[in-house]
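target-v8.cif (mmCIF, C-alpha atoms) appears below.
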data_model
loop_
_atom_site.label_atom_id
_atom_site.label_comp_id
_atom_site.auth_asym_id
_atom_site.auth_seq_id
_atom_site.Cartn_x
_atom_site.Cartn_y
_atom_site.Cartn_z
CA GLY T 1 83.91 284.77 36.75
CA ALA T 2 87.41 283.39 36.50
CA VAL T 3 88.02 280.03 34.83
CA VAL T 4 89.51 277.04 36.58
CA SER T 5 90.15 273.96 34.50
CA GLN T 6 90.44 270.53 36.06
CA HIS T 7 91.63 267.43 34.23
CA PRO T 8 90.65 264.67 33.81
CA SER T 9 86.88 264.89 34.29
CA TRP T 10 86.69 261.23 35.14
CA VAL T 11 89.13 258.39 35.58
CA ILE T 12 88.91 254.71 36.34
CA CYS T 13 91.99 253.03 37.76
CA LYS T 14 92.98 249.72 39.23
CA SER T 15 93.49 249.34 42.95
CA GLY T 16 97.10 249.99 43.90
CA THR T 17 97.88 252.39 41.09
CA SER T 18 98.35 256.16 41.30
CA VAL T 19 96.27 258.86 39.67
CA LYS T 20 97.21 262.49 39.03
CA ILE T 21 94.63 265.26 38.81
CA GLU T 22 95.51 268.70 37.46
CA CYS T 23 93.97 272.01 38.37
CA ARG T 24 94.75 275.10 36.31
CA SER T 25 93.67 278.70 36.68
CA LEU T 26 93.33 279.86 33.08
CA ASP T 27 92.95 283.60 33.29
CA PHE T 28 94.33 284.56 36.67
CA GLN T 29 97.17 283.70 38.99
CA ALA T 30 96.27 281.66 42.04
CA THR T 31 98.71 281.72 44.90
CA THR T 32 96.37 279.45 46.82
CA MET T 33 94.42 276.45 45.61
CA PHE T 34 92.21 274.13 47.59
CA TRP T 35 91.45 270.47 47.12
CA TYR T 36 88.12 269.03 48.18
CA ARG T 37 86.56 265.60 48.17
CA GLN T 38 82.85 264.98 47.95
CA PHE T 39 81.19 261.66 48.59
CA PRO T 40 77.67 261.04 47.26
CA LYS T 41 75.01 263.19 48.89
CA GLN T 42 77.59 264.79 51.17
CA SER T 43 79.15 268.21 51.19
CA LEU T 44 82.60 269.21 50.08
CA MET T 45 85.25 268.25 52.57
CA LEU T 46 88.43 270.31 52.47
CA MET T 47 91.43 268.05 52.10
CA ALA T 48 94.31 270.47 51.81
CA THR T 49 95.38 273.99 51.01
CA SER T 50 98.02 274.32 48.34
CA ASN T 51 100.31 277.34 48.28
CA GLU T 52 102.56 278.10 45.34
CA GLY T 53 106.17 277.28 46.08
CA SER T 54 105.59 275.77 49.51
CA LYS T 55 104.29 272.60 51.08
CA ALA T 56 100.59 271.99 51.21
CA THR T 57 98.68 272.23 54.46
CA TYR T 58 96.55 269.18 55.10
CA GLU T 59 93.35 269.01 57.10
CA GLN T 60 93.18 266.72 60.08
CA GLY T 61 92.68 263.10 59.08
CA VAL T 62 93.98 263.51 55.53
CA GLU T 63 97.07 261.42 54.80
CA LYS T 64 99.69 263.65 53.21
CA ASP T 65 101.70 260.69 51.97
CA LYS T 66 98.69 259.30 50.18
CA PHE T 67 97.41 262.53 48.67
CA LEU T 68 100.44 264.28 47.21
CA ILE T 69 99.95 267.90 46.29
CA ASN T 70 102.28 269.96 44.18
CA HIS T 71 101.77 273.65 43.40
CA ALA T 72 104.68 274.33 41.11
CA SER T 73 103.42 277.52 39.50
CA LEU T 74 100.86 280.26 40.01
CA THR T 75 98.47 278.56 37.60
CA LEU T 76 98.88 274.85 38.29
CA SER T 77 98.34 272.55 41.23
CA THR T 78 98.27 268.77 41.05
CA LEU T 79 96.82 266.14 43.36
CA THR T 80 98.19 262.62 43.11
CA VAL T 81 96.25 259.84 44.78
CA THR T 82 98.88 257.19 45.47
CA SER T 83 98.16 253.48 45.86
CA ALA T 84 94.50 254.10 45.27
CA HIS T 85 91.91 251.87 46.92
CA PRO T 86 88.18 251.52 46.23
CA GLU T 87 87.39 253.67 49.28
CA ASP T 88 89.23 256.54 47.56
CA SER T 89 86.54 256.56 44.89
CA SER T 90 84.98 260.00 45.10
CA PHE T 91 84.45 263.33 43.38
CA TYR T 92 87.57 265.46 43.75
CA ILE T 93 87.23 269.19 43.20
CA CYS T 94 89.84 271.90 43.17
CA SER T 95 89.27 275.58 43.66
CA ALA T 96 91.54 278.51 43.09
CA LYS T 97 91.44 281.69 45.04
CA GLY T 98 91.22 284.74 42.86
CA GLY T 99 90.95 287.87 44.93
CA THR T 100 88.35 287.28 47.62
CA GLU T 101 86.41 284.55 45.84
CA ALA T 102 87.10 280.91 45.15
CA PHE T 103 86.36 279.46 41.74
CA PHE T 104 85.90 275.76 41.22
CA GLY T 105 87.18 273.37 38.62
CA GLN T 106 84.80 270.97 36.92
CA GLY T 107 85.67 268.16 39.29
CA THR T 108 87.17 264.71 38.71
CA ARG T 109 85.15 261.56 39.27
CA LEU T 110 87.61 258.90 40.43
CA THR T 111 86.57 255.29 40.44
CA VAL T 112 88.99 252.71 41.79
CA VAL T 113 88.22 249.14 40.82
CA GLN F 1 86.62 271.55 60.29
CA LYS F 2 84.63 274.58 61.26
CA GLU F 3 80.97 273.85 61.62
CA VAL F 4 78.58 275.16 59.04
CA GLU F 5 75.06 273.83 59.26
CA GLN F 6 72.25 273.71 56.77
CA ASN F 7 68.94 271.91 56.66
CA SER F 8 69.40 269.14 54.11
CA GLY F 9 65.85 269.46 52.85
CA PRO F 10 64.48 268.83 50.36
CA LEU F 11 62.77 272.18 50.29
CA SER F 12 59.90 272.16 47.83
CA VAL F 13 58.36 275.37 46.54
CA PRO F 14 55.99 276.04 43.63
CA GLU F 15 57.19 277.90 40.59
CA GLY F 16 57.06 281.65 41.13
CA ALA F 17 57.28 281.44 44.91
CA ILE F 18 60.07 282.67 47.17
CA ALA F 19 62.54 280.02 48.33
CA SER F 20 64.31 280.71 51.63
CA LEU F 21 67.52 278.88 52.44
CA ASN F 22 69.26 279.19 55.78
CA CYS F 23 72.72 278.54 57.15
CA THR F 24 74.31 278.90 60.57
CA TYR F 25 77.97 278.89 61.44
CA SER F 26 79.88 278.41 64.65
CA ASP F 27 83.08 280.40 64.20
CA ARG F 28 82.64 284.06 65.09
CA GLY F 29 85.88 284.74 63.25
CA SER F 30 84.21 283.97 59.94
CA GLN F 31 84.66 286.90 57.63
CA SER F 32 82.98 286.17 54.35
CA PHE F 33 79.99 284.14 53.36
CA PHE F 34 79.18 282.53 50.06
CA TRP F 35 76.30 280.75 48.43
CA TYR F 36 77.02 278.15 45.77
CA ARG F 37 74.64 276.17 43.61
CA GLN F 38 75.51 272.61 42.70
CA TYR F 39 73.71 270.49 40.16
CA SER F 40 73.99 266.74 40.53
CA GLY F 41 77.37 265.48 39.37
CA LYS F 42 78.69 268.97 38.73
CA SER F 43 80.99 271.35 40.56
CA PRO F 44 79.57 274.18 42.64
CA GLU F 45 79.05 277.54 40.99
CA LEU F 46 79.13 280.79 42.88
CA ILE F 47 75.82 282.63 43.20
CA MET F 48 76.81 285.48 45.47
CA PHE F 49 78.81 286.48 48.49
CA ILE F 50 78.30 288.84 51.39
CA TYR F 51 80.62 290.38 53.95
CA SER F 52 78.61 292.94 55.84
CA ASN F 53 75.54 292.66 58.01
CA GLY F 54 72.30 293.27 56.18
CA ASP F 55 70.98 292.39 52.76
CA LYS F 56 72.66 292.13 49.40
CA GLU F 57 70.57 291.78 46.27
CA ASP F 58 71.57 290.46 42.87
CA GLY F 59 68.74 289.90 40.45
CA ARG F 60 66.35 287.32 41.89
CA PHE F 61 68.77 286.48 44.69
CA THR F 62 69.11 288.20 48.07
CA ALA F 63 71.70 287.21 50.66
CA GLN F 64 71.11 288.20 54.25
CA LEU F 65 73.77 288.19 56.95
CA ASN F 66 73.39 288.53 60.70
CA LYS F 67 76.76 288.17 62.38
CA ALA F 68 75.39 288.58 65.90
CA SER F 69 73.12 285.58 65.40
CA GLN F 70 75.65 283.81 63.18
CA TYR F 71 73.35 283.04 60.34
CA VAL F 72 73.26 283.76 56.67
CA SER F 73 70.34 283.16 54.35
CA LEU F 74 69.57 283.16 50.66
CA LEU F 75 66.23 284.19 49.21
CA ILE F 76 65.31 283.26 45.67
CA ARG F 77 62.40 285.24 44.28
CA ASP F 78 60.21 284.04 41.43
CA SER F 79 61.65 280.54 41.75
CA GLN F 80 62.05 278.62 38.49
CA PRO F 81 62.33 274.86 37.89
CA SER F 82 65.88 275.51 36.70
CA ASP F 83 66.69 276.69 40.22
CA SER F 84 66.24 273.11 41.43
CA ALA F 85 69.66 272.13 42.78
CA THR F 86 71.59 271.77 46.00
CA TYR F 87 72.60 275.07 47.55
CA LEU F 88 75.81 275.15 49.54
CA CYS F 89 76.64 277.73 52.14
CA ALA F 90 80.34 278.40 52.63
CA VAL F 91 82.24 280.55 55.08
CA LYS F 92 85.76 281.83 54.83
CA VAL F 93 87.61 281.79 58.10
CA GLY F 94 90.49 283.92 59.26
CA ASN F 95 93.69 284.63 57.44
CA PHE F 96 94.02 281.13 56.06
CA ASN F 97 91.46 281.82 53.36
CA LYS F 98 89.93 278.42 53.88
CA PHE F 99 86.40 277.83 52.77
CA TYR F 100 84.25 275.51 54.83
CA PHE F 101 81.02 274.21 53.44
CA GLY F 102 77.68 273.21 54.87
CA SER F 103 76.11 269.94 53.80
CA GLY F 104 73.80 271.74 51.39
CA THR F 105 70.04 272.18 51.05
CA LYS F 106 68.30 270.47 48.18
CA LEU F 107 65.73 272.74 46.55
CA ASN F 108 62.93 271.45 44.33
CA VAL F 109 60.92 274.00 42.38
CA LYS F 110 57.74 272.40 41.09
CA PRO F 111 56.24 273.65 37.81
#

Once you've parsed the file, please lay out its structure as structure tokens.
Amino acid sequence: GAVVSQHPSWVICKSGTSVKIECRSLDFQATTMFWYRQFPKQSLMLMATSNEGSKATYEQGVEKDKFLINHASLTLSTLTVTSAHPEDSSFYICSAKGGTEAFFGQGTRLTVV
Amino acid sequence: QKEVEQNSGPLSVPEGAIASLNCTYSDRGSQSFFWYRQYSGKSPELIMFIYSNGDKEDGRFTAQLNKASQYVSLLIRDSQPSDSATYLCAVKVGNFNKFYFGSGTKLNVKP
């Protein structure tokens, strides 16, 4: 399948700081990327849909000013968690739509202390 | 979010047996259905997808779709201990190409 690279794999940050997570489609162009969050023993919760060259579409209950998404090119989308708090600690996963399937990045384990 | 339901399990089967995983969904507009496997601490990996009613086989895996009853299932034949993982059902809805996931079923294959 297609390769989606997510960076970093894990990050620890202090409360109040911002963290940027990158998602790259390595061997295909992704006009649409998705950002998910997964808390322990729970399923993936869709946060937002990122479309190249346009504003992201956020799911209900997700703060767009807190989770900034930029999809500047067909191969890169970024998620910035601003003013992070301990309750933002989670596993963040991106996926890129290639054709009819969605391929996932490796995920980023964010811990806010 | 659109509702996708799975039994959380755990489902325990002996090695070599058939494991049957089920998923129901609420949105009749759902077009495509996917099964992902997720190991603890890792991202999901696609096992297979199905669009049309009936069965689709790929190696030891068979996906079954019944749109009238709004359920999709995954059968794993000759289960191996390495199949032990959480299996996520996902549906793609409408023209927005959004994927919605069930909570996952934890499968334990005992040697």

(request) Give me, as a PyMOL selection string, the contact residues of chain T against chain F at a cut-off of 12 Å, counting only C-alpha atoms. (result) chain T and resi 1-6+9-10+31-51+57-62+90-109

Just to be explicit: take each residue in the selection above, keep C-alpha atoms, and write the result as an mmCIF file, in the coordinates of the input.
data_model
loop_
_atom_site.group_PDB
_atom_site.id
_atom_site.type_symbol
_atom_site.label_atom_id
_atom_site.label_comp_id
_atom_site.auth_asym_id
_atom_site.auth_seq_id
_atom_site.Cartn_x
_atom_site.Cartn_y
_atom_site.Cartn_z
ATOM 1 C CA GLY T 1 83.910 284.770 36.750
ATOM 2 C CA ALA T 2 87.410 283.390 36.500
ATOM 3 C CA VAL T 3 88.020 280.030 34.830
ATOM 4 C CA VAL T 4 89.510 277.040 36.580
ATOM 5 C CA SER T 5 90.150 273.960 34.500
ATOM 6 C CA GLN T 6 90.440 270.530 36.060
ATOM 7 C CA SER T 9 86.880 264.890 34.290
ATOM 8 C CA TRP T 10 86.690 261.230 35.140
ATOM 9 C CA THR T 31 98.710 281.720 44.900
ATOM 10 C CA THR T 32 96.370 279.450 46.820
ATOM 11 C CA MET T 33 94.420 276.450 45.610
ATOM 12 C CA PHE T 34 92.210 274.130 47.590
ATOM 13 C CA TRP T 35 91.450 270.470 47.120
ATOM 14 C CA TYR T 36 88.120 269.030 48.180
ATOM 15 C CA ARG T 37 86.560 265.600 48.170
ATOM 16 C CA GLN T 38 82.850 264.980 47.950
ATOM 17 C CA PHE T 39 81.190 261.660 48.590
ATOM 18 C CA PRO T 40 77.670 261.040 47.260
ATOM 19 C CA LYS T 41 75.010 263.190 48.890
ATOM 20 C CA GLN T 42 77.590 264.790 51.170
ATOM 21 C CA SER T 43 79.150 268.210 51.190
ATOM 22 C CA LEU T 44 82.600 269.210 50.080
ATOM 23 C CA MET T 45 85.250 268.250 52.570
ATOM 24 C CA LEU T 46 88.430 270.310 52.470
ATOM 25 C CA MET T 47 91.430 268.050 52.100
ATOM 26 C CA ALA T 48 94.310 270.470 51.810
ATOM 27 C CA THR T 49 95.380 273.990 51.010
ATOM 28 C CA SER T 50 98.020 274.320 48.340
ATOM 29 C CA ASN T 51 100.310 277.340 48.280
ATOM 30 C CA THR T 57 98.680 272.230 54.460
ATOM 31 C CA TYR T 58 96.550 269.180 55.100
ATOM 32 C CA GLU T 59 93.350 269.010 57.100
ATOM 33 C CA GLN T 60 93.180 266.720 60.080
ATOM 34 C CA GLY T 61 92.680 263.100 59.080
ATOM 35 C CA VAL T 62 93.980 263.510 55.530
ATOM 36 C CA SER T 90 84.980 260.000 45.100
ATOM 37 C CA PHE T 91 84.450 263.330 43.380
ATOM 38 C CA TYR T 92 87.570 265.460 43.750
ATOM 39 C CA ILE T 93 87.230 269.190 43.200
ATOM 40 C CA CYS T 94 89.840 271.900 43.170
ATOM 41 C CA SER T 95 89.270 275.580 43.660
ATOM 42 C CA ALA T 96 91.540 278.510 43.090
ATOM 43 C CA LYS T 97 91.440 281.690 45.040
ATOM 44 C CA GLY T 98 91.220 284.740 42.860
ATOM 45 C CA GLY T 99 90.950 287.870 44.930
ATOM 46 C CA THR T 100 88.350 287.280 47.620
ATOM 47 C CA GLU T 101 86.410 284.550 45.840
ATOM 48 C CA ALA T 102 87.100 280.910 45.150
ATOM 49 C CA PHE T 103 86.360 279.460 41.740
ATOM 50 C CA PHE T 104 85.900 275.760 41.220
ATOM 51 C CA GLY T 105 87.180 273.370 38.620
ATOM 52 C CA GLN T 106 84.800 270.970 36.920
ATOM 53 C CA GLY T 107 85.670 268.160 39.290
ATOM 54 C CA THR T 108 87.170 264.710 38.710
ATOM 55 C CA ARG T 109 85.150 261.560 39.270
#

(message) Which residues are close to Pro81 in chain F, i.e. within 7 Å by only C-alpha atoms, leaving aside same-chain residues fewer than 5 positions away? Reply as a list in words.
(response)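 In the requested form, the answer reads Glu15, Val109, Lys110 and Pro111 of chain F.
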
(message) Report, in Å with one decimal, the straight-line distance from CA of Thr80 in chain T to CA of Leu110 in chain T.
(response)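 For CA of Thr80 in chain T relative to CA of Leu110 in chain T, the distance reads 11.5 Å.
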
(message) Between CA of Leu74 in chain F and CA of Asp27 in chain F, what distance in Å does the model show, to one decimal?
(response)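 CA of Leu74 in chain F sits 19.3 Å away from CA of Asp27 in chain F.
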
(request) Please identify all polymer residues within 7 Å of Cys23 in chain F, counting all atoms listed in the file, omitting same-chain residues fewer than 6 positions from it, and present them as an MDAnalysis selection string. (result) chainID F and resid 5:6 71:73 89

(message) Once the PyMOL selection byres ((chain F and resi 85) around 8) is applied to the coordinates I shared, what remains selected? I want it as a PyMOL selection string.
(response) chain F and resi 37-40+82-84+86-87+106-108

Got time to write the residues from that selection, C-alpha atoms, as a CSV table (one decimal), in the coordinates of the input?
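Contents of the output file selection.csv:
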chain,number,residue,atom,x,y,z
F,37,ARG,CA,74.6,276.2,43.6
F,38,GLN,CA,75.5,272.6,42.7
F,39,TYR,CA,73.7,270.5,40.2
F,40,SER,CA,74.0,266.7,40.5
F,82,SER,CA,65.9,275.5,36.7
F,83,ASP,CA,66.7,276.7,40.2
F,84,SER,CA,66.2,273.1,41.4
F,86,THR,CA,71.6,271.8,46.0
F,87,TYR,CA,72.6,275.1,47.6
F,106,LYS,CA,68.3,270.5,48.2
F,107,LEU,CA,65.7,272.7,46.6
F,108,ASN,CA,62.9,271.4,44.3

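Going from CA of Pro86 in chain T to CA of Lys66 in chain T covers 13.7 Å.
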
Exactly which residues make up the result of the PyMOL selection byres ((chain T and resi 17-28) around 6) on this file, given as a PDB file with C-alpha atoms, in the coordinates of the input?
ATOM      1  CA  VAL T   3      88.020 280.030  34.830  1.00  0.00           C
ATOM      2  CA  VAL T   4      89.510 277.040  36.580  1.00  0.00           C
ATOM      3  CA  SER T   5      90.150 273.960  34.500  1.00  0.00           C
ATOM      4  CA  GLN T   6      90.440 270.530  36.060  1.00  0.00           C
ATOM      5  CA  HIS T   7      91.630 267.430  34.230  1.00  0.00           C
ATOM      6  CA  LYS T  14      92.980 249.720  39.230  1.00  0.00           C
ATOM      7  CA  SER T  15      93.490 249.340  42.950  1.00  0.00           C
ATOM      8  CA  GLY T  16      97.100 249.990  43.900  1.00  0.00           C
ATOM      9  CA  GLN T  29      97.170 283.700  38.990  1.00  0.00           C
ATOM     10  CA  THR T  75      98.470 278.560  37.600  1.00  0.00           C
ATOM     11  CA  LEU T  76      98.880 274.850  38.290  1.00  0.00           C
ATOM     12  CA  SER T  77      98.340 272.550  41.230  1.00  0.00           C
ATOM     13  CA  THR T  78      98.270 268.770  41.050  1.00  0.00           C
ATOM     14  CA  LEU T  79      96.820 266.140  43.360  1.00  0.00           C
ATOM     15  CA  THR T  80      98.190 262.620  43.110  1.00  0.00           C
ATOM     16  CA  VAL T  81      96.250 259.840  44.780  1.00  0.00           C
ATOM     17  CA  THR T  82      98.880 257.190  45.470  1.00  0.00           C
ATOM     18  CA  SER T  83      98.160 253.480  45.860  1.00  0.00           C
ATOM     19  CA  ALA T  84      94.500 254.100  45.270  1.00  0.00           C
TER      20      ALA T  84
END

Give me, as JSON lines, each residue of range 4-26 of chain F that comes within 10 Å of range 53-63 of chain F, together with its shortest interatomic pair and the distance in Å at one decimal, counting only C-alpha atoms, with rows ordered by chain and rising residue number.
{"residue": "F:Ile18", "atom": "CA", "partner": "F:Arg60", "partner_atom": "CA", "distance": 9.4}
{"residue": "F:Ala19", "atom": "CA", "partner": "F:Phe61", "partner_atom": "CA", "distance": 9.7}
{"residue": "F:Ser20", "atom": "CA", "partner": "F:Thr62", "partner_atom": "CA", "distance": 9.6}
{"residue": "F:Leu21", "atom": "CA", "partner": "F:Ala63", "partner_atom": "CA", "distance": 9.5}
{"residue": "F:Asn22", "atom": "CA", "partner": "F:Ala63", "partner_atom": "CA", "distance": 9.8}

Completed range 82-99 of chain T (N, CA, C and O atoms) as a PDB file, in the frame of the given file:
ATOM      1  N   THR T  82      97.932 258.295  45.585  1.00  0.00           N
ATOM      2  CA  THR T  82      98.880 257.190  45.470  1.00  0.00           C
ATOM      3  C   THR T  82      98.262 255.906  46.036  1.00  0.00           C
ATOM      4  O   THR T  82      97.466 255.930  46.970  1.00  0.00           O
ATOM      5  N   SER T  83      98.647 254.790  45.430  1.00  0.00           N
ATOM      6  CA  SER T  83      98.160 253.480  45.860  1.00  0.00           C
ATOM      7  C   SER T  83      96.666 253.528  46.144  1.00  0.00           C
ATOM      8  O   SER T  83      96.200 253.265  47.258  1.00  0.00           O
ATOM      9  N   ALA T  84      95.939 253.880  45.110  1.00  0.00           N
ATOM     10  CA  ALA T  84      94.500 254.100  45.270  1.00  0.00           C
ATOM     11  C   ALA T  84      93.781 252.811  45.667  1.00  0.00           C
ATOM     12  O   ALA T  84      94.130 251.710  45.229  1.00  0.00           O
ATOM     13  N   HIS T  85      92.752 252.979  46.495  1.00  0.00           N
ATOM     14  CA  HIS T  85      91.910 251.870  46.920  1.00  0.00           C
ATOM     15  C   HIS T  85      90.458 252.219  46.607  1.00  0.00           C
ATOM     16  O   HIS T  85      90.121 253.402  46.434  1.00  0.00           O
ATOM     17  N   PRO T  86      89.591 251.226  46.546  1.00  0.00           N
ATOM     18  CA  PRO T  86      88.180 251.520  46.230  1.00  0.00           C
ATOM     19  C   PRO T  86      87.558 252.588  47.131  1.00  0.00           C
ATOM     20  O   PRO T  86      86.728 253.364  46.664  1.00  0.00           O
ATOM     21  N   GLU T  87      87.962 252.654  48.388  1.00  0.00           N
ATOM     22  CA  GLU T  87      87.390 253.670  49.280  1.00  0.00           C
ATOM     23  C   GLU T  87      87.827 255.089  48.937  1.00  0.00           C
ATOM     24  O   GLU T  87      87.293 256.065  49.478  1.00  0.00           O
ATOM     25  N   ASP T  88      88.820 255.212  48.033  1.00  0.00           N
ATOM     26  CA  ASP T  88      89.230 256.540  47.560  1.00  0.00           C
ATOM     27  C   ASP T  88      88.333 257.030  46.431  1.00  0.00           C
ATOM     28  O   ASP T  88      88.458 258.180  45.993  1.00  0.00           O
ATOM     29  N   SER T  89      87.456 256.164  45.961  1.00  0.00           N
ATOM     30  CA  SER T  89      86.540 256.560  44.890  1.00  0.00           C
ATOM     31  C   SER T  89      85.671 257.713  45.389  1.00  0.00           C
ATOM     32  O   SER T  89      84.997 257.601  46.416  1.00  0.00           O
ATOM     33  N   SER T  90      85.687 258.807  44.662  1.00  0.00           N
ATOM     34  CA  SER T  90      84.980 260.000  45.100  1.00  0.00           C
ATOM     35  C   SER T  90      85.028 261.044  43.990  1.00  0.00           C
ATOM     36  O   SER T  90      85.586 260.816  42.921  1.00  0.00           O
ATOM     37  N   PHE T  91      84.409 262.170  44.275  1.00  0.00           N
ATOM     38  CA  PHE T  91      84.450 263.330  43.380  1.00  0.00           C
ATOM     39  C   PHE T  91      85.453 264.303  43.981  1.00  0.00           C
ATOM     40  O   PHE T  91      85.262 264.774  45.097  1.00  0.00           O
ATOM     41  N   TYR T  92      86.533 264.574  43.256  1.00  0.00           N
ATOM     42  CA  TYR T  92      87.570 265.460  43.750  1.00  0.00           C
ATOM     43  C   TYR T  92      87.451 266.793  43.017  1.00  0.00           C
ATOM     44  O   TYR T  92      87.376 266.843  41.782  1.00  0.00           O
ATOM     45  N   ILE T  93      87.430 267.865  43.777  1.00  0.00           N
ATOM     46  CA  ILE T  93      87.230 269.190  43.200  1.00  0.00           C
ATOM     47  C   ILE T  93      88.315 270.134  43.692  1.00  0.00           C
ATOM     48  O   ILE T  93      88.622 270.156  44.881  1.00  0.00           O
ATOM     49  N   CYS T  94      88.876 270.890  42.772  1.00  0.00           N
ATOM     50  CA  CYS T  94      89.840 271.900  43.170  1.00  0.00           C
ATOM     51  C   CYS T  94      89.176 273.268  43.075  1.00  0.00           C
ATOM     52  O   CYS T  94      88.200 273.452  42.343  1.00  0.00           O
ATOM     53  N   SER T  95      89.690 274.202  43.820  1.00  0.00           N
ATOM     54  CA  SER T  95      89.270 275.580  43.660  1.00  0.00           C
ATOM     55  C   SER T  95      90.483 276.472  43.781  1.00  0.00           C
ATOM     56  O   SER T  95      91.454 276.145  44.485  1.00  0.00           O
ATOM     57  N   ALA T  96      90.439 277.567  43.092  1.00  0.00           N
ATOM     58  CA  ALA T  96      91.540 278.510  43.090  1.00  0.00           C
ATOM     59  C   ALA T  96      91.044 279.847  43.605  1.00  0.00           C
ATOM     60  O   ALA T  96      89.961 280.300  43.212  1.00  0.00           O
ATOM     61  N   LYS T  97      91.844 280.425  44.451  1.00  0.00           N
ATOM     62  CA  LYS T  97      91.440 281.690  45.040  1.00  0.00           C
ATOM     63  C   LYS T  97      91.910 282.824  44.155  1.00  0.00           C
ATOM     64  O   LYS T  97      93.102 283.002  43.922  1.00  0.00           O
ATOM     65  N   GLY T  98      90.919 283.568  43.657  1.00  0.00           N
ATOM     66  CA  GLY T  98      91.220 284.740  42.860  1.00  0.00           C
ATOM     67  C   GLY T  98      90.647 285.943  43.563  1.00  0.00           C
ATOM     68  O   GLY T  98      89.433 286.091  43.604  1.00  0.00           O
ATOM     69  N   GLY T  99      91.464 286.753  44.132  1.00  0.00           N
ATOM     70  CA  GLY T  99      90.950 287.870  44.930  1.00  0.00           C
ATOM     71  C   GLY T  99      90.302 287.341  46.193  1.00  0.00           C
ATOM     72  O   GLY T  99      90.900 286.588  46.949  1.00  0.00           O
TER      73      GLY T  99
END
